[in-house]
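Reproduced below: run.csv, with CSV, C-alpha atoms and all ligand atoms.
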chain,number,residue,atom,x,y,z
A,1,MET,CA,51.4,-38.5,-1.1
A,2,PRO,CA,49.1,-35.6,-0.3
A,3,PRO,CA,45.8,-36.7,1.1
A,4,SER,CA,43.0,-36.4,-1.4
A,5,ARG,CA,41.1,-33.3,-0.7
A,6,SER,CA,37.4,-33.4,-1.0
A,7,LEU,CA,35.7,-30.1,-1.8
A,8,PRO,CA,33.5,-28.7,0.9
A,9,ILE,CA,29.9,-29.2,0.0
A,10,PRO,CA,27.7,-26.4,1.5
A,11,ALA,CA,24.7,-27.9,3.2
A,12,SER,CA,22.6,-25.0,2.0
A,13,PRO,CA,23.6,-21.8,0.2
A,14,SER,CA,23.0,-19.7,3.3
A,15,PRO,CA,20.9,-20.3,6.4
A,16,ALA,CA,17.7,-18.5,5.7
A,17,GLU,CA,16.5,-16.1,8.3
A,18,CYS,CA,13.2,-14.2,8.7
A,19,ASP,CA,13.4,-10.6,7.6
A,20,GLY,CA,10.5,-9.6,9.7
A,21,GLN,CA,10.6,-7.6,12.9
A,22,PRO,CA,13.5,-8.8,15.0
A,23,ASP,CA,11.4,-8.9,18.1
A,24,ALA,CA,8.5,-10.7,16.5
A,25,ARG,CA,7.5,-14.2,17.5
A,26,HIS,CA,8.7,-16.0,14.5
A,27,GLY,CA,7.3,-19.3,13.7
A,28,GLY,CA,6.3,-21.7,11.0
A,29,ASP,CA,8.0,-22.1,7.6
A,30,LEU,CA,10.1,-19.5,5.9
A,31,TRP,CA,8.9,-18.1,2.6
A,32,TYR,CA,10.2,-15.6,0.1
A,33,CYS,CA,8.0,-12.8,-1.3
A,34,MET,CA,9.0,-11.7,-4.7
A,35,ASN,CA,7.1,-8.5,-4.3
A,36,CYS,CA,8.5,-7.5,-1.0
A,37,ALA,CA,11.9,-9.1,-1.6
A,38,TYR,CA,11.7,-10.4,1.9
A,39,ILE,CA,12.1,-13.8,3.5
A,40,LEU,CA,9.3,-14.1,6.0
A,41,CYS,CA,8.1,-16.8,8.4
A,42,ASP,CA,4.4,-17.7,8.5
A,43,VAL,CA,3.9,-15.3,11.4
A,44,CYS,CA,5.6,-12.3,9.9
A,45,TRP,CA,4.1,-13.0,6.5
A,46,GLU,CA,0.6,-12.5,7.9
A,47,ALA,CA,1.8,-9.3,9.7
A,48,GLN,CA,2.6,-7.6,6.4
A,49,PRO,CA,-0.2,-5.3,5.4
A,50,PRO,CA,0.1,-6.1,1.7
A,51,HIS,CA,-0.3,-9.7,2.5
A,52,ARG,CA,-3.3,-9.2,4.8
A,53,ARG,CA,-5.0,-7.3,2.1
A,54,GLY,CA,-5.0,-10.4,0.0
A,55,GLY,CA,-2.0,-9.4,-1.8
A,56,ARG,CA,-1.5,-7.6,-5.0
A,57,GLY,CA,1.6,-5.4,-5.3
A,58,ARG,CA,1.6,-2.1,-7.2
A,59,SER,CA,2.6,-4.0,-10.3
A,60,GLY,CA,-0.5,-6.1,-9.9
A,61,LEU,CA,1.6,-9.1,-9.1
A,62,PRO,CA,0.3,-11.2,-6.3
A,63,HIS,CA,2.4,-11.5,-3.1
A,64,GLU,CA,3.1,-15.2,-3.5
A,65,LYS,CA,4.8,-17.5,-1.1
A,66,VAL,CA,7.8,-18.6,-2.9
A,67,ASP,CA,9.6,-21.7,-1.7
A,68,LEU,CA,13.1,-20.8,-0.5
A,69,GLN,CA,14.6,-23.6,-2.7
A,70,LYS,CA,13.1,-21.8,-5.7
A,71,LYS,CA,14.4,-18.5,-4.4
A,72,SER,CA,18.0,-19.6,-4.3
A,73,VAL,CA,17.7,-20.6,-7.9
A,74,LEU,CA,16.3,-17.2,-8.7
A,75,ASP,CA,19.1,-15.4,-6.8
A,76,ALA,CA,21.6,-17.2,-8.9
A,77,ALA,CA,19.7,-16.3,-12.0
A,78,LEU,CA,19.3,-12.6,-11.1
A,79,ARG,CA,22.7,-12.1,-9.5
A,80,LEU,CA,21.5,-9.6,-7.0
A,81,PRO,CA,23.7,-6.6,-6.2
A,82,GLY,CA,26.6,-6.8,-4.0
A,83,THR,CA,26.6,-5.8,-0.4
A,84,LYS,CA,24.1,-6.5,2.4
A,85,GLU,CA,23.7,-2.8,2.9
A,86,GLU,CA,22.7,-2.2,-0.7
A,87,LEU,CA,20.2,-5.0,-0.5
A,88,ASP,CA,18.8,-3.6,2.8
A,89,GLN,CA,18.4,-0.2,1.2
A,90,LEU,CA,16.7,-1.6,-1.8
A,91,HIS,CA,14.3,-3.5,0.5
A,92,ALA,CA,13.6,-0.4,2.5
A,93,ASP,CA,12.8,1.7,-0.6
A,94,ASP,CA,10.7,-1.1,-2.0
A,95,ILE,CA,8.8,-1.7,1.2
A,96,GLU,CA,7.9,2.0,1.6
A,97,THR,CA,6.4,2.3,-1.8
A,98,THR,CA,4.6,-1.0,-1.4
A,99,TRP,CA,3.1,-0.2,2.0
A,100,PHE,CA,1.8,3.2,1.1
A,101,GLY,CA,0.8,2.3,-2.5
A,102,MET,CA,2.8,5.1,-3.9
A,103,GLN,CA,4.7,5.1,-7.2
A,104,PRO,CA,8.5,5.3,-6.9
A,105,ARG,CA,10.0,8.6,-7.7
A,106,SER,CA,12.0,7.6,-10.8
B,201,ZN,ZN,9.4,-14.0,11.3
B,202,ZN,ZN,4.8,-9.4,-0.1

Could you rewrite the structure in this file as structure tokens?
Ligand SMILES: [Zn+2]
Ligand SMILES: [Zn+2]
Amino acid sequence: MPPSRSLPIPASPSPAECDGQPDARHGGDLWYCMNCAYILCDVCWEAQPPHRRGGRGRSGLPHEKVDLQKKSVLDAALRLPGTKEELDQLHADDIETTWFGMQPRS
């Protein structure tokens, strides 16, 4: 008789990491910013100019700290595009327009 196989249960969807500067002193909890599309620790969160300015994006939406639990739900709902590279590019584009307060060329 084959042994009954139990399906592997992932502990968490993916270990979350801070998207801030790699050489920053990360610390505190991790948060997701819907506006920046970044996962940031408490330290890196405060280091983002849009966040220090008290936080409204060009769309007028506040830069809110989103619980990562909530984010994984959102990810599933949004079905973000494929590769890591694509995502990084999207983030880069978005960050530029956010930081300098310019409208995207579209
Ligand atoms: Zn960090
Ligand atoms: Zn933000």

Give me the residues of chain A that have any atom at most 8 Å from an atom of ligand ZN 202 (chain B); for each, the nearest atom pair and the distance in Å, rounded to one decimal. Use all atoms listed in the file, sort by chain and number, and format it as JSON lines.
{"residue": "A:Cys33", "atom": "CA", "partner": "B:ZN202", "partner_atom": "ZN", "distance": 4.8}
{"residue": "A:Met34", "atom": "CA", "partner": "B:ZN202", "partner_atom": "ZN", "distance": 6.6}
{"residue": "A:Asn35", "atom": "CA", "partner": "B:ZN202", "partner_atom": "ZN", "distance": 4.9}
{"residue": "A:Cys36", "atom": "CA", "partner": "B:ZN202", "partner_atom": "ZN", "distance": 4.3}
{"residue": "A:Ala37", "atom": "CA", "partner": "B:ZN202", "partner_atom": "ZN", "distance": 7.3}
{"residue": "A:Tyr38", "atom": "CA", "partner": "B:ZN202", "partner_atom": "ZN", "distance": 7.3}
{"residue": "A:Trp45", "atom": "CA", "partner": "B:ZN202", "partner_atom": "ZN", "distance": 7.6}
{"residue": "A:Gln48", "atom": "CA", "partner": "B:ZN202", "partner_atom": "ZN", "distance": 7.1}
{"residue": "A:Pro50", "atom": "CA", "partner": "B:ZN202", "partner_atom": "ZN", "distance": 6.0}
{"residue": "A:His51", "atom": "CA", "partner": "B:ZN202", "partner_atom": "ZN", "distance": 5.7}
{"residue": "A:Gly55", "atom": "CA", "partner": "B:ZN202", "partner_atom": "ZN", "distance": 7.0}
{"residue": "A:Gly57", "atom": "CA", "partner": "B:ZN202", "partner_atom": "ZN", "distance": 7.3}
{"residue": "A:Pro62", "atom": "CA", "partner": "B:ZN202", "partner_atom": "ZN", "distance": 7.9}
{"residue": "A:His63", "atom": "CA", "partner": "B:ZN202", "partner_atom": "ZN", "distance": 4.4}
{"residue": "A:Glu64", "atom": "CA", "partner": "B:ZN202", "partner_atom": "ZN", "distance": 6.9}

Q.
For ligand ZN 201 (chain B), return the neighbouring residues as a list in words (distance at most 7 Å; only C-alpha atoms and all ligand atoms).
A. Cys18, Asp19, Gly20, Gln21, Ala24, Arg25, His26, Gly27, Leu40, Cys41, Asp42, Val43 and Cys44 of chain A

**Q.** Exercise: stretch 68-75 of chain A partners within 9 Å, all atoms listed in the file, chain neighbours under 6 positions left out, as a list in words
**A.** Pro13, Ala16, Leu30, Trp31, Tyr32, Met34 and Ile39 of chain A

Q. At what distance in Å, to one decimal, does atom CA of A:Asp67 lie from atom CA of A:Glu17?
A. 13.4 Å

Need the axis-aligned box for stretch 42-54 of chain A with 6 Å each side, so what are the centre and edges in Å to one decimal, as JSON?
{"center_x": 0.3, "center_y": -11.5, "center_z": 5.7, "size_x": 22.6, "size_y": 24.4, "size_z": 23.4}
